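Shown next: structure-v5.cif, given as mmCIF, C-alpha atoms and all ligand atoms.
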```
data_coords
#
loop_
_atom_site.label_atom_id
_atom_site.label_comp_id
_atom_site.auth_asym_id
_atom_site.auth_seq_id
_atom_site.Cartn_x
_atom_site.Cartn_y
_atom_site.Cartn_z
CA MET A 1 95.16 -201.84 -209.47
CA LYS A 2 91.83 -202.21 -207.77
CA LEU A 3 92.99 -200.03 -204.90
CA ARG A 4 94.17 -197.35 -207.29
CA LEU A 5 90.83 -197.34 -209.03
CA LEU A 6 89.02 -197.03 -205.73
CA THR A 7 91.28 -194.13 -204.74
CA LEU A 8 90.59 -192.46 -208.06
CA VAL A 9 86.82 -192.87 -207.68
CA ALA A 10 86.96 -191.55 -204.11
CA CYS A 11 89.03 -188.58 -205.25
CA MET A 12 86.59 -187.84 -208.06
CA GLY A 13 83.80 -187.87 -205.47
CA ILE A 14 85.60 -185.38 -203.25
CA CYS A 15 86.65 -183.20 -206.20
CA ASN A 16 83.10 -183.21 -207.48
CA ALA A 17 81.76 -182.23 -204.06
CA HIS A 18 84.33 -179.43 -203.91
CA ALA A 19 83.33 -178.22 -207.38
CA GLN A 20 79.67 -178.17 -206.30
CA ASP A 21 80.55 -176.25 -203.14
CA SER A 22 82.65 -173.80 -205.11
CA LEU A 23 79.82 -173.20 -207.57
CA GLN A 24 77.29 -172.60 -204.81
CA MET A 25 79.68 -170.25 -203.00
CA ARG A 26 80.00 -168.24 -206.21
CA LYS A 27 76.21 -168.04 -206.54
CA ILE A 28 75.87 -166.81 -202.96
CA ALA A 29 78.57 -164.17 -203.48
CA ASP A 30 77.02 -163.00 -206.76
CA GLU A 31 73.59 -162.69 -205.17
CA ILE A 32 74.89 -160.60 -202.26
CA LEU A 33 77.36 -158.44 -204.23
CA LEU A 34 74.81 -157.71 -206.98
CA HIS A 35 71.49 -157.64 -205.10
CA GLY A 36 72.36 -157.45 -201.38
CA THR A 37 70.21 -155.18 -199.24
CA CYS A 38 72.46 -155.11 -196.15
CA TYR A 39 73.96 -151.72 -196.99
CA ASP A 40 70.51 -150.15 -197.46
CA ASN A 41 69.36 -151.78 -194.23
CA LEU A 42 72.36 -150.31 -192.42
CA ARG A 43 71.53 -146.85 -193.75
CA VAL A 44 67.99 -147.09 -192.40
CA LEU A 45 69.14 -148.38 -189.00
CA CYS A 46 71.81 -145.68 -188.65
CA LYS A 47 69.80 -142.75 -189.97
CA SER A 48 66.30 -143.54 -188.69
CA VAL A 49 67.25 -145.05 -185.31
CA GLY A 50 70.85 -143.93 -184.73
CA HIS A 51 72.71 -144.96 -181.60
CA ARG A 52 70.71 -147.27 -179.33
CA ILE A 53 72.02 -148.07 -175.90
CA SER A 54 70.28 -150.95 -174.10
CA GLY A 55 67.14 -149.96 -172.26
CA SER A 56 66.73 -146.66 -174.14
CA PRO A 57 63.73 -145.67 -176.29
CA ALA A 58 66.08 -145.87 -179.31
CA ALA A 59 66.85 -149.52 -178.53
CA ALA A 60 63.10 -150.25 -178.51
CA LYS A 61 62.85 -148.55 -181.91
CA ALA A 62 65.74 -150.67 -183.16
CA VAL A 63 63.87 -153.83 -182.14
CA SER A 64 60.90 -152.76 -184.31
CA TRP A 65 63.29 -151.99 -187.17
CA GLY A 66 64.92 -155.43 -186.84
CA GLU A 67 61.60 -157.24 -186.82
CA LYS A 68 60.53 -155.48 -190.01
CA ALA A 69 63.88 -156.03 -191.75
CA MET A 70 63.84 -159.73 -190.86
CA LYS A 71 60.33 -160.12 -192.34
CA GLU A 72 61.34 -158.25 -195.50
CA ALA A 73 64.33 -160.61 -195.86
CA GLY A 74 61.82 -163.44 -196.18
CA ALA A 75 62.37 -165.37 -192.93
CA ASP A 76 59.84 -168.20 -192.46
CA LYS A 77 59.27 -167.11 -188.91
CA VAL A 78 60.20 -163.93 -186.99
CA TRP A 79 59.86 -163.48 -183.25
CA LEU A 80 61.08 -161.47 -180.28
CA GLN A 81 62.79 -163.09 -177.32
CA ALA A 82 62.54 -161.27 -173.99
CA ALA A 83 65.63 -160.10 -172.11
CA ASP A 84 65.68 -157.60 -169.25
CA VAL A 85 68.59 -155.22 -169.64
CA PRO A 86 70.37 -152.49 -167.67
CA TYR A 87 69.95 -148.87 -168.78
CA TRP A 88 72.91 -146.55 -168.30
CA TYR A 89 72.04 -142.90 -168.81
CA ARG A 90 74.67 -140.33 -169.81
CA GLY A 91 72.97 -136.93 -169.41
CA LYS A 92 75.02 -133.73 -169.60
CA GLU A 93 78.77 -133.81 -169.12
CA SER A 94 81.80 -131.59 -169.47
CA LEU A 95 85.52 -131.63 -168.77
CA TYR A 96 87.67 -128.53 -168.40
CA LEU A 97 91.45 -128.71 -168.14
CA LYS A 98 93.71 -125.94 -166.85
CA MET A 99 96.93 -126.71 -168.72
CA GLY A 100 98.15 -123.08 -168.72
CA LYS A 101 96.68 -119.95 -167.22
CA GLU A 102 93.01 -120.70 -167.89
CA TYR A 103 90.54 -123.53 -167.91
CA LYS A 104 89.67 -124.80 -171.41
CA LYS A 105 86.84 -127.14 -172.31
CA VAL A 106 88.07 -130.36 -173.96
CA ARG A 107 86.34 -133.22 -175.74
CA ALA A 108 85.66 -136.07 -173.33
CA LEU A 109 83.20 -138.91 -172.78
CA SER A 110 82.16 -140.58 -169.55
CA LEU A 111 82.72 -144.31 -169.60
CA GLY A 112 79.72 -146.60 -169.81
CA ASN A 113 78.24 -147.83 -166.49
CA SER A 114 80.14 -145.14 -164.57
CA GLN A 115 78.72 -142.92 -161.88
CA GLY A 116 79.20 -139.22 -162.69
CA THR A 117 79.66 -136.26 -160.38
CA SER A 118 75.89 -136.05 -159.80
CA GLY A 119 75.82 -132.74 -161.61
CA ARG A 120 78.20 -131.06 -159.11
CA PRO A 121 81.61 -130.07 -160.44
CA LEU A 122 84.59 -132.06 -159.23
CA GLU A 123 87.71 -129.90 -159.29
CA ALA A 124 91.11 -131.37 -158.46
CA GLN A 125 94.74 -131.55 -159.46
CA VAL A 126 95.61 -134.07 -162.16
CA VAL A 127 98.22 -136.73 -161.36
CA MET A 128 99.57 -138.55 -164.42
CA VAL A 129 100.72 -142.18 -164.44
CA HIS A 130 101.47 -144.37 -167.45
CA ASN A 131 100.36 -147.71 -166.06
CA PHE A 132 99.08 -149.54 -162.97
CA ASP A 133 102.59 -150.29 -161.68
CA GLU A 134 103.49 -146.60 -161.64
CA PHE A 135 100.23 -145.85 -159.90
CA LYS A 136 100.77 -148.51 -157.25
CA ALA A 137 104.22 -147.08 -156.49
CA LEU A 138 102.72 -143.68 -155.59
CA PRO A 139 102.22 -142.96 -151.88
CA ASP A 140 98.54 -142.55 -150.87
CA SER A 141 99.23 -138.91 -149.96
CA LYS A 142 99.97 -138.13 -153.65
CA VAL A 143 96.69 -139.71 -154.75
CA LYS A 144 94.15 -138.64 -152.13
CA GLY A 145 91.53 -136.27 -153.53
CA LYS A 146 93.27 -136.11 -156.94
CA ILE A 147 92.09 -136.92 -160.45
CA ILE A 148 94.36 -139.66 -161.81
CA PHE A 149 95.23 -139.58 -165.51
CA PHE A 150 96.00 -143.12 -166.68
CA ASP A 151 98.03 -142.30 -169.77
CA TYR A 152 98.40 -145.81 -171.22
CA ARG A 153 98.86 -145.87 -174.98
CA PHE A 154 97.09 -148.35 -177.25
CA ARG A 155 99.98 -150.41 -178.61
CA GLN A 156 100.34 -149.84 -182.34
CA ASP A 157 102.72 -152.75 -182.92
CA PHE A 158 100.07 -155.49 -183.02
CA VAL A 159 99.01 -156.24 -186.61
CA PHE A 160 95.64 -157.61 -185.43
CA THR A 161 94.35 -154.56 -183.54
CA PHE A 162 92.07 -156.59 -181.25
CA HIS A 163 95.24 -157.73 -179.50
CA GLY A 164 96.10 -154.07 -178.81
CA TYR A 165 92.59 -153.53 -177.50
CA GLY A 166 92.85 -156.59 -175.25
CA ASP A 167 96.11 -155.20 -173.90
CA ALA A 168 94.79 -151.69 -173.13
CA VAL A 169 91.18 -152.21 -172.14
CA LYS A 170 91.90 -152.97 -168.47
CA TYR A 171 92.60 -149.25 -167.98
CA ARG A 172 89.07 -148.39 -169.08
CA TRP A 173 87.48 -151.29 -167.21
CA ALA A 174 89.23 -151.15 -163.83
CA SER A 175 90.98 -147.77 -163.31
CA PRO A 176 88.29 -146.11 -161.12
CA SER A 177 88.31 -148.84 -158.48
CA VAL A 178 92.11 -149.15 -158.60
CA ALA A 179 92.35 -145.38 -158.04
CA ALA A 180 89.53 -145.17 -155.46
CA LYS A 181 91.24 -147.79 -153.33
CA LYS A 182 93.98 -145.21 -152.63
CA GLY A 183 91.56 -142.31 -152.17
CA ALA A 184 91.49 -140.71 -155.65
CA ALA A 185 88.46 -138.53 -156.49
CA GLY A 186 88.21 -139.21 -160.24
CA VAL A 187 89.89 -140.79 -163.25
CA ILE A 188 90.75 -139.64 -166.76
CA ILE A 189 91.97 -142.21 -169.30
CA ARG A 190 93.50 -142.08 -172.74
CA SER A 191 90.96 -143.75 -175.05
CA MET A 192 91.39 -147.31 -176.33
CA SER A 193 92.06 -145.81 -179.77
CA THR A 194 94.30 -146.43 -182.78
CA GLY A 195 93.14 -143.09 -184.23
CA MET A 196 95.41 -140.09 -184.73
CA ASP A 197 92.50 -137.80 -183.95
CA ASP A 198 90.63 -136.33 -181.01
CA PHE A 199 87.57 -138.59 -180.80
CA PRO A 200 87.11 -139.85 -177.26
CA HIS A 201 85.97 -143.50 -177.05
CA THR A 202 83.38 -144.63 -174.53
CA GLY A 203 82.89 -148.29 -173.55
CA GLY A 204 82.09 -150.47 -170.58
CA MET A 205 83.73 -150.07 -167.18
CA HIS A 206 83.18 -151.92 -163.94
CA TYR A 207 83.26 -150.94 -160.24
CA ASN A 208 84.57 -153.11 -157.47
CA ASP A 209 81.84 -152.63 -154.84
CA SER A 210 84.40 -152.48 -152.01
CA PHE A 211 85.49 -148.99 -153.06
CA LEU A 212 83.90 -145.60 -153.71
CA LYS A 213 82.36 -145.25 -157.19
CA ILE A 214 84.36 -142.36 -158.65
CA PRO A 215 83.79 -140.82 -162.11
CA GLU A 216 85.80 -141.82 -165.19
CA MET A 217 86.18 -139.90 -168.45
CA ALA A 218 88.09 -140.69 -171.67
CA LEU A 219 90.09 -138.31 -173.89
CA GLY A 220 90.89 -138.63 -177.58
CA ASN A 221 94.55 -139.08 -178.45
CA ILE A 222 95.24 -135.42 -179.36
CA THR A 223 93.93 -134.03 -176.07
CA ALA A 224 95.61 -136.88 -174.18
CA ASP A 225 98.94 -135.88 -175.80
CA GLN A 226 98.40 -132.26 -174.73
CA LEU A 227 97.55 -133.30 -171.19
CA GLU A 228 100.60 -135.56 -171.07
CA GLN A 229 102.88 -132.67 -172.08
CA ALA A 230 101.23 -130.27 -169.63
CA CYS A 231 101.58 -132.76 -166.75
CA GLU A 232 105.28 -133.19 -167.59
CA LYS A 233 105.76 -129.39 -167.40
CA GLY A 234 103.88 -128.55 -164.23
CA GLU A 235 100.64 -128.53 -162.30
CA VAL A 236 97.41 -129.24 -164.19
CA MET A 237 93.90 -128.89 -162.79
CA ALA A 238 90.70 -130.54 -164.04
CA ARG A 239 87.04 -129.76 -163.55
CA MET A 240 84.65 -132.64 -164.27
CA ASN A 241 80.91 -132.37 -164.37
CA SER A 242 78.63 -135.24 -165.32
CA GLU A 243 75.16 -136.57 -164.66
CA CYS A 244 75.69 -140.15 -165.82
CA HIS A 245 74.38 -143.03 -163.75
CA MET A 246 72.95 -146.51 -163.96
CA MET A 247 69.15 -146.53 -163.78
CA PRO A 248 67.95 -148.41 -160.71
CA ALA A 249 65.67 -150.89 -162.53
CA LEU A 250 66.19 -153.24 -165.48
CA VAL A 251 64.20 -152.49 -168.64
CA HIS A 252 62.23 -155.06 -170.67
CA SER A 253 63.85 -155.56 -174.04
CA TYR A 254 64.29 -158.20 -176.74
CA ASN A 255 66.48 -160.16 -179.11
CA VAL A 256 65.08 -160.21 -182.65
CA ILE A 257 65.10 -163.65 -184.30
CA GLY A 258 64.37 -164.71 -187.89
CA GLU A 259 64.49 -168.30 -189.05
CA ILE A 260 64.55 -170.47 -192.16
CA LYS A 261 63.32 -173.93 -191.28
CA GLY A 262 65.67 -176.75 -192.32
CA THR A 263 64.35 -179.25 -194.88
CA GLU A 264 66.15 -182.46 -193.90
CA THR A 265 67.35 -182.00 -190.32
CA PRO A 266 65.37 -179.01 -188.99
CA GLU A 267 66.30 -179.91 -185.40
CA ARG A 268 69.91 -179.03 -186.21
CA ILE A 269 70.30 -175.26 -185.84
CA ILE A 270 72.92 -172.82 -187.10
CA THR A 271 72.76 -169.37 -185.46
CA VAL A 272 74.23 -166.28 -187.09
CA GLY A 273 74.15 -162.91 -185.37
CA GLY A 274 75.39 -159.51 -184.35
CA HIS A 275 74.30 -157.15 -181.60
CA LEU A 276 71.55 -154.62 -182.00
CA ASP A 277 72.45 -152.36 -179.06
CA SER A 278 75.29 -149.85 -179.33
CA TRP A 279 76.90 -147.22 -177.13
CA ASP A 280 75.11 -143.89 -176.95
CA VAL A 281 77.37 -142.04 -179.41
CA GLY A 282 77.71 -142.08 -183.20
CA GLU A 283 75.32 -144.42 -185.01
CA GLY A 284 76.62 -147.86 -184.00
CA ALA A 285 77.35 -148.54 -187.68
CA SER A 286 80.51 -150.65 -187.39
CA ASP A 287 79.69 -151.74 -183.83
CA ASP A 288 77.52 -153.55 -184.55
CA GLY A 289 74.91 -152.44 -187.07
CA ALA A 290 77.15 -154.13 -189.65
CA GLY A 291 76.90 -157.54 -187.98
CA CYS A 292 73.10 -157.21 -187.70
CA VAL A 293 72.51 -156.38 -191.35
CA GLN A 294 74.99 -159.06 -192.50
CA SER A 295 73.10 -161.68 -190.47
CA ILE A 296 69.78 -160.61 -191.99
CA GLU A 297 71.47 -160.75 -195.40
CA VAL A 298 72.24 -164.46 -194.93
CA ILE A 299 68.49 -165.13 -194.64
CA ARG A 300 67.67 -162.87 -197.59
CA ALA A 301 70.29 -164.41 -199.89
CA PHE A 302 69.21 -168.00 -199.14
CA LYS A 303 65.59 -167.10 -199.85
CA ALA A 304 66.43 -165.17 -203.02
CA LEU A 305 68.52 -168.07 -204.36
CA GLY A 306 65.91 -170.64 -203.41
CA VAL A 307 68.43 -172.42 -201.17
CA LYS A 308 66.57 -174.90 -199.02
CA PRO A 309 69.11 -175.61 -196.28
CA LYS A 310 69.16 -179.03 -194.65
CA CYS A 311 69.56 -177.39 -191.21
CA THR A 312 67.54 -174.59 -189.64
CA ILE A 313 69.23 -171.22 -190.07
CA ARG A 314 68.55 -168.56 -187.46
CA ALA A 315 69.61 -164.92 -187.67
CA VAL A 316 69.67 -163.25 -184.25
CA LEU A 317 70.00 -159.56 -183.42
CA PHE A 318 71.19 -159.75 -179.83
CA MET A 319 70.39 -157.06 -177.26
CA ASN A 320 72.81 -155.70 -174.64
CA GLU A 321 76.21 -156.96 -175.77
CA GLU A 322 77.88 -153.74 -174.71
CA ASN A 323 77.10 -153.70 -171.01
CA GLY A 324 75.65 -156.94 -169.74
CA ASN A 325 75.21 -159.52 -172.53
CA LYS A 326 71.69 -160.19 -171.26
CA GLY A 327 70.46 -161.00 -174.78
CA GLY A 328 73.21 -163.55 -175.40
CA GLU A 329 72.50 -165.18 -172.03
CA ALA A 330 68.74 -165.26 -172.66
CA TYR A 331 69.25 -166.90 -176.05
CA ALA A 332 71.49 -169.64 -174.63
CA ASP A 333 69.17 -170.17 -171.64
CA SER A 334 66.20 -170.64 -173.95
CA ALA A 335 68.17 -173.03 -176.20
CA LYS A 336 69.11 -175.07 -173.15
CA ALA A 337 65.58 -175.10 -171.70
CA ARG A 338 64.22 -176.34 -175.05
CA SER A 339 67.05 -178.86 -175.50
CA GLU A 340 67.85 -177.33 -178.89
CA HIS A 341 70.67 -178.83 -180.90
CA HIS A 342 72.90 -176.01 -182.14
CA ILE A 343 75.59 -177.31 -184.45
CA LEU A 344 77.30 -173.93 -184.98
CA ALA A 345 77.00 -170.26 -183.97
CA VAL A 346 78.54 -167.50 -186.10
CA GLU A 347 78.99 -163.86 -185.09
CA SER A 348 80.04 -160.70 -186.89
CA ASP A 349 81.07 -158.07 -184.34
CA ALA A 350 84.36 -156.68 -185.58
CA GLY A 351 83.13 -154.13 -188.13
CA GLY A 352 81.90 -154.25 -191.71
CA PHE A 353 85.38 -154.29 -193.22
CA SER A 354 86.78 -156.68 -195.86
CA PRO A 355 86.64 -160.25 -194.56
CA ARG A 356 90.12 -161.67 -193.98
CA GLY A 357 89.59 -164.68 -191.79
CA ILE A 358 87.35 -167.11 -190.01
CA GLY A 359 88.00 -167.37 -186.27
CA MET A 360 87.17 -170.72 -184.69
CA GLU A 361 86.47 -171.70 -181.10
CA MET A 362 85.91 -175.43 -181.37
CA PRO A 363 87.66 -178.79 -181.02
CA THR A 364 90.54 -179.51 -183.42
CA GLU A 365 88.67 -182.14 -185.44
CA MET A 366 85.91 -179.63 -186.23
CA LYS A 367 88.49 -177.00 -187.16
CA GLN A 368 90.00 -179.51 -189.58
CA ARG A 369 86.64 -179.92 -191.30
CA ILE A 370 86.33 -176.15 -191.82
CA LEU A 371 89.97 -175.95 -192.94
CA LYS A 372 89.11 -178.27 -195.83
CA TYR A 373 87.35 -175.27 -197.39
CA LYS A 374 90.29 -172.92 -196.93
CA ASN A 375 91.23 -172.87 -200.61
CA LEU A 376 87.65 -172.16 -201.64
CA PHE A 377 87.62 -169.05 -199.42
CA LEU A 378 90.88 -167.68 -200.87
CA ASP A 379 88.91 -166.41 -203.90
CA TYR A 380 87.06 -164.08 -201.51
CA GLY A 381 90.17 -162.71 -199.78
CA VAL A 382 89.72 -164.92 -196.71
CA TYR A 383 92.97 -166.56 -195.68
CA ASP A 384 93.40 -166.39 -191.92
CA PHE A 385 91.98 -169.38 -190.04
CA SER A 386 94.42 -169.11 -187.13
CA LEU A 387 92.47 -167.03 -184.60
CA GLU A 388 90.44 -168.42 -181.71
CA GLU A 389 87.67 -165.84 -181.93
CA GLY A 390 83.94 -166.40 -181.56
CA GLY A 391 81.86 -163.50 -180.27
CA THR A 392 80.50 -162.13 -177.01
CA ASP A 393 76.81 -162.68 -177.85
CA ILE A 394 77.30 -166.31 -178.82
CA SER A 395 79.78 -167.12 -176.03
CA PRO A 396 77.02 -168.28 -173.61
CA LEU A 397 76.07 -170.94 -176.20
CA LYS A 398 79.55 -172.39 -175.84
CA LYS A 399 79.60 -172.04 -172.06
CA LYS A 400 76.16 -173.58 -171.49
CA LEU A 401 75.75 -175.96 -174.45
CA ASP A 402 79.27 -176.47 -175.78
CA VAL A 403 78.30 -175.10 -179.21
CA PRO A 404 81.24 -174.56 -181.61
CA LEU A 405 81.72 -170.88 -182.43
CA VAL A 406 82.91 -168.94 -185.45
CA GLY A 407 83.76 -165.23 -185.52
CA LEU A 408 84.04 -163.37 -188.81
CA ILE A 409 87.47 -161.69 -188.90
CA PRO A 410 87.41 -158.55 -191.01
CA ASP A 411 90.44 -156.38 -191.65
CA SER A 412 91.08 -154.82 -188.24
CA GLN A 413 93.16 -151.73 -189.12
CA ARG A 414 90.42 -149.09 -188.84
CA TYR A 415 88.03 -150.63 -186.32
CA PHE A 416 89.59 -149.02 -183.23
CA ASP A 417 89.63 -145.61 -184.92
CA LEU A 418 85.82 -145.74 -184.87
CA HIS A 419 84.82 -148.10 -182.06
CA HIS A 420 82.49 -146.46 -179.46
CA THR A 421 82.91 -142.94 -180.88
CA ASP A 422 80.83 -140.22 -182.51
CA ASN A 423 82.64 -141.22 -185.69
CA ASP A 424 81.10 -144.73 -185.84
CA VAL A 425 78.63 -143.67 -188.51
CA PHE A 426 77.14 -145.17 -191.68
CA GLU A 427 79.48 -143.15 -193.94
CA GLN A 428 82.48 -145.05 -192.53
CA VAL A 429 81.17 -148.37 -193.91
CA ASN A 430 81.97 -149.42 -197.47
CA HIS A 431 79.16 -151.25 -199.27
CA ARG A 432 81.43 -153.79 -201.01
CA GLU A 433 83.34 -154.68 -197.87
CA LEU A 434 80.09 -155.06 -195.90
CA LYS A 435 78.51 -157.28 -198.56
CA LEU A 436 81.63 -159.42 -198.98
CA GLY A 437 81.59 -160.09 -195.23
CA ALA A 438 77.93 -161.13 -195.45
CA ALA A 439 78.75 -163.38 -198.42
CA VAL A 440 81.50 -165.19 -196.52
CA MET A 441 79.16 -165.79 -193.56
CA ALA A 442 76.44 -167.13 -195.87
CA GLN A 443 78.95 -169.35 -197.70
CA LEU A 444 80.29 -170.88 -194.52
CA ILE A 445 76.80 -171.46 -193.14
CA TYR A 446 75.76 -173.10 -196.41
CA LEU A 447 78.77 -175.46 -196.33
CA VAL A 448 78.19 -176.49 -192.71
CA SER A 449 74.44 -176.90 -193.19
CA GLU A 450 74.87 -179.13 -196.24
CA ASN A 451 78.04 -181.04 -195.34
CA GLY A 452 77.97 -181.06 -191.54
CA LEU A 453 80.71 -180.11 -189.11
ZN ZN A 501 80.26 -154.87 -180.69
#
```
How does this structure look as structure tokens?
Amino acid sequence: MKLRLLTLVACMGICNAHAQDSLQMRKIADEILLHGTCYDNLRVLCKSVGHRISGSPAAAKAVSWGEKAMKEAGADKVWLQAADVPYWYRGKESLYLKMGKEYKKVRALSLGNSQGTSGRPLEAQVVMVHNFDEFKALPDSKVKGKIIFFDYRFRQDFVFTFHGYGDAVKYRWASPSVAAKKGAAGVIIRSMSTGMDDFPHTGGMHYNDSFLKIPEMALGNITADQLEQACEKGEVMARMNSECHMMPALVHSYNVIGEIKGTETPERIITVGGHLDSWDVGEGASDDGAGCVQSIEVIRAFKALGVKPKCTIRAVLFMNEENGNKGGEAYADSAKARSEHHILAVESDAGGFSPRGIGMEMPTEMKQRILKYKNLFLDYGVYDFSLEEGGTDISPLKKKLDVPLVGLIPDSQRYFDLHHTDNDVFEQVNHRELKLGAAVMAQLIYLVSENGL
């Protein structure tokens, strides 16, 4: 009898705590859905700064924008954290394909970090392969001096499109060095794209220093289909011209940080962030303006609601995620040097789409503690807690300080239509989806700050 009573009292305690949590989650969601400023902030970032590759004057402008937005959100303290970053410069570029009688200009983008043709045209026959195995089977004589077209298709059968991206991205990252090893003169790839359109997608690539640094350009899916058909029929020629190159020196840049000081355990820190840099096309709206404005929104909503979190909450706009992660490294290095105690780091870098899940990179017992809230998140459309996803910017915190990581998992169906393209613009982001994502981040941070992890 006594035991039963105790069980009942304990259960009432837990149920009561859950009811309190549920109520506070509702308040946070209401505040953000009704009064959130993240969508307006995204408009300003996209339209007044636009794309902002690391090291560029636009990236410096974005830092000033972030500092101002963080102050307007009501952060107790706002500061800049230095990080020296690489600066890859695109310049002019063009690609002409001769798929019939005449050369025709096609839409193409040089890949980030790549070395162009130094402004001199590179003209050569195109040799098509579908994957690395096919390429490796070719004799060197068929490759030497040619432009290799790596026609690998983004697999459409994965439901979570990041798995398709993970499968295909090696062709963007490594093709030039793989091809140069056998004497190729240049590389064309089919974009890492789910889109049924002709937007080429840029993105980071990497040279193996043992081989010649040959140029690499990406095609949208429509042009890639045309090139595939033309290569099947007969000889195709290509003429590449591009000025892109990596600038010789690093550029001084910054992470932007805004903080709400914790009331009970201020030494315990929760970081929430996205990356401020983008590729040099479109407006960097989904990648990752969305994550930046959602992180600022967490600060704004807590302040507007008068939430006084037990732990310190820090929103961070990281610099240089796309081609170096220097901002993420600098943040973790500083945390380590100051012996900071980070109890959790959260990142939004998968687009401003409807939140569907919470990815967790942490020990099982911590996952279990977050899973206790699973039912509370169902009301907000968040059901998937199965993925081991954190985020690139926060990954050095795990590597260097063993900080548990959470990645917001939005619906992934449209992200790789837009990712790293001219079409990644403000108009592609829906204000409700963006705000709901911010609400889920704020809710989770509230629960961990108040109840621990
Ligand atoms: Zn990103």
Report as a PyMOL selection string all protein, DNA and RNA residues lying within 9 Å of Arg239 in chain A, evaluated on all atoms listed in the file, omitting residues in the same chain fewer than 2 positions from it. chain A and resi 94-98+103+121-125+237+241
Listing only residues of chain A within 7 Å of ligand ZN 501 (chain A), what is the closest atom pair and its distance in Å (to one decimal) for each, using only C-alpha atoms and all ligand atoms, sorted by chain and residue number ascending, as a Markdown table?
```
| residue | atom | partner | partner_atom | distance |
| --- | --- | --- | --- | --- |
| A:His275 | CA | A:ZN501 | ZN | 6.4 |
| A:Asp287 | CA | A:ZN501 | ZN | 4.5 |
| A:Asp288 | CA | A:ZN501 | ZN | 4.9 |
| A:Glu321 | CA | A:ZN501 | ZN | 6.7 |
| A:Glu322 | CA | A:ZN501 | ZN | 6.5 |
| A:Asp349 | CA | A:ZN501 | ZN | 4.9 |
| A:Ala350 | CA | A:ZN501 | ZN | 6.6 |
```
Pull C-alpha atoms from the residues just selected and write them as an mmCIF file, in the coordinates of the input.
```cif
data_model
loop_
_atom_site.group_PDB
_atom_site.id
_atom_site.type_symbol
_atom_site.label_atom_id
_atom_site.label_comp_id
_atom_site.auth_asym_id
_atom_site.auth_seq_id
_atom_site.Cartn_x
_atom_site.Cartn_y
_atom_site.Cartn_z
ATOM 1 C CA HIS A 275 74.300 -157.150 -181.600
ATOM 2 C CA ASP A 287 79.690 -151.740 -183.830
ATOM 3 C CA ASP A 288 77.520 -153.550 -184.550
ATOM 4 C CA GLU A 321 76.210 -156.960 -175.770
ATOM 5 C CA GLU A 322 77.880 -153.740 -174.710
ATOM 6 C CA ASP A 349 81.070 -158.070 -184.340
ATOM 7 C CA ALA A 350 84.360 -156.680 -185.580
#
```
Taking (75.1, -150.4, -191.8) in the file's coordinates as the center, which residues reach within 10 Å of it, counting all atoms listed in the file, put as an NGL selection string? :A and (38-47 or 283-294 or 351-352 or 425-431 or 434)
Which one of A:Ala83, A:Ala29, A:Ala75, A:Ala59 sits closest to Phe377 in chain A if you count all atoms listed in the file?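 Using all atoms listed in the file, the shortest distance to Phe377 in chain A belongs to A:Ala29.
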Enclose the full set of atoms of range 230-244 of chain A listed in the file within a box whose edges lie along x, y and z, apply 6 Å of padding to each of the six sides, and report centre and edge lengths in Å to one decimal as JSON.
```
{"center_x": 90.5, "center_y": -134.3, "center_z": -166.0, "size_x": 42.6, "size_y": 23.6, "size_z": 19.3}
```
Residues at most 10 Å from Ser56 in chain A, counting only C-alpha atoms, excluding those fewer than 3 positions away in the same chain, as a ChimeraX atom specification? /A:51-53,59-62,85-89,251,253,277,280
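The gap separating CA of Phe353 in chain A from CA of Val159 in chain A is 15.3 Å, in Å to one decimal.
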Proximity check range 173-287 of chain A to range 107-119 of chain A, 9 Å, nearest pairs one decimal Å, only C-alpha atoms, as CSV:
```
residue,atom,partner,partner_atom,distance
A:Trp173,CA,A:Leu111,CA,8.8
A:Pro176,CA,A:Ser114,CA,8.9
A:Asp198,CA,A:Arg107,CA,7.5
A:Phe199,CA,A:Arg107,CA,7.5
A:Pro200,CA,A:Ala108,CA,5.6
A:His201,CA,A:Leu109,CA,6.9
A:Thr202,CA,A:Leu111,CA,5.0
A:Gly203,CA,A:Gly112,CA,5.2
A:Gly204,CA,A:Gly112,CA,4.6
A:Met205,CA,A:Gly112,CA,5.9
A:His206,CA,A:Asn113,CA,6.9
A:Tyr207,CA,A:Ser114,CA,7.9
A:Lys213,CA,A:Gln115,CA,6.4
A:Ile214,CA,A:Gln115,CA,6.5
A:Pro215,CA,A:Gly116,CA,4.9
A:Glu216,CA,A:Ser110,CA,5.8
A:Met217,CA,A:Ser110,CA,4.2
A:Ala218,CA,A:Leu109,CA,5.3
A:Leu219,CA,A:Ala108,CA,5.0
A:Gly220,CA,A:Ala108,CA,7.2
A:Thr223,CA,A:Arg107,CA,7.6
A:Met240,CA,A:Thr117,CA,7.3
A:Asn241,CA,A:Thr117,CA,5.7
A:Ser242,CA,A:Gly116,CA,4.8
A:Glu243,CA,A:Gly119,CA,4.9
A:Cys244,CA,A:Gly116,CA,4.8
A:His245,CA,A:Gln115,CA,4.7
A:Met246,CA,A:Asn113,CA,6.0
A:Trp279,CA,A:Gly112,CA,7.9
A:Asp280,CA,A:Gly112,CA,8.9
```
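When only C-alpha atoms are used to compute distances to Phe154 in chain A, the closest of the residues A:Lys92, A:Leu378, A:Ile358, A:Phe416 turns out to be A:Phe416.
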Between CA of Glu72 in chain A and CA of Ser54 in chain A, what distance in Å does the model show, to one decimal?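 Answer for the CA of Glu72 in chain A to CA of Ser54 in chain A separation: 24.3 Å.
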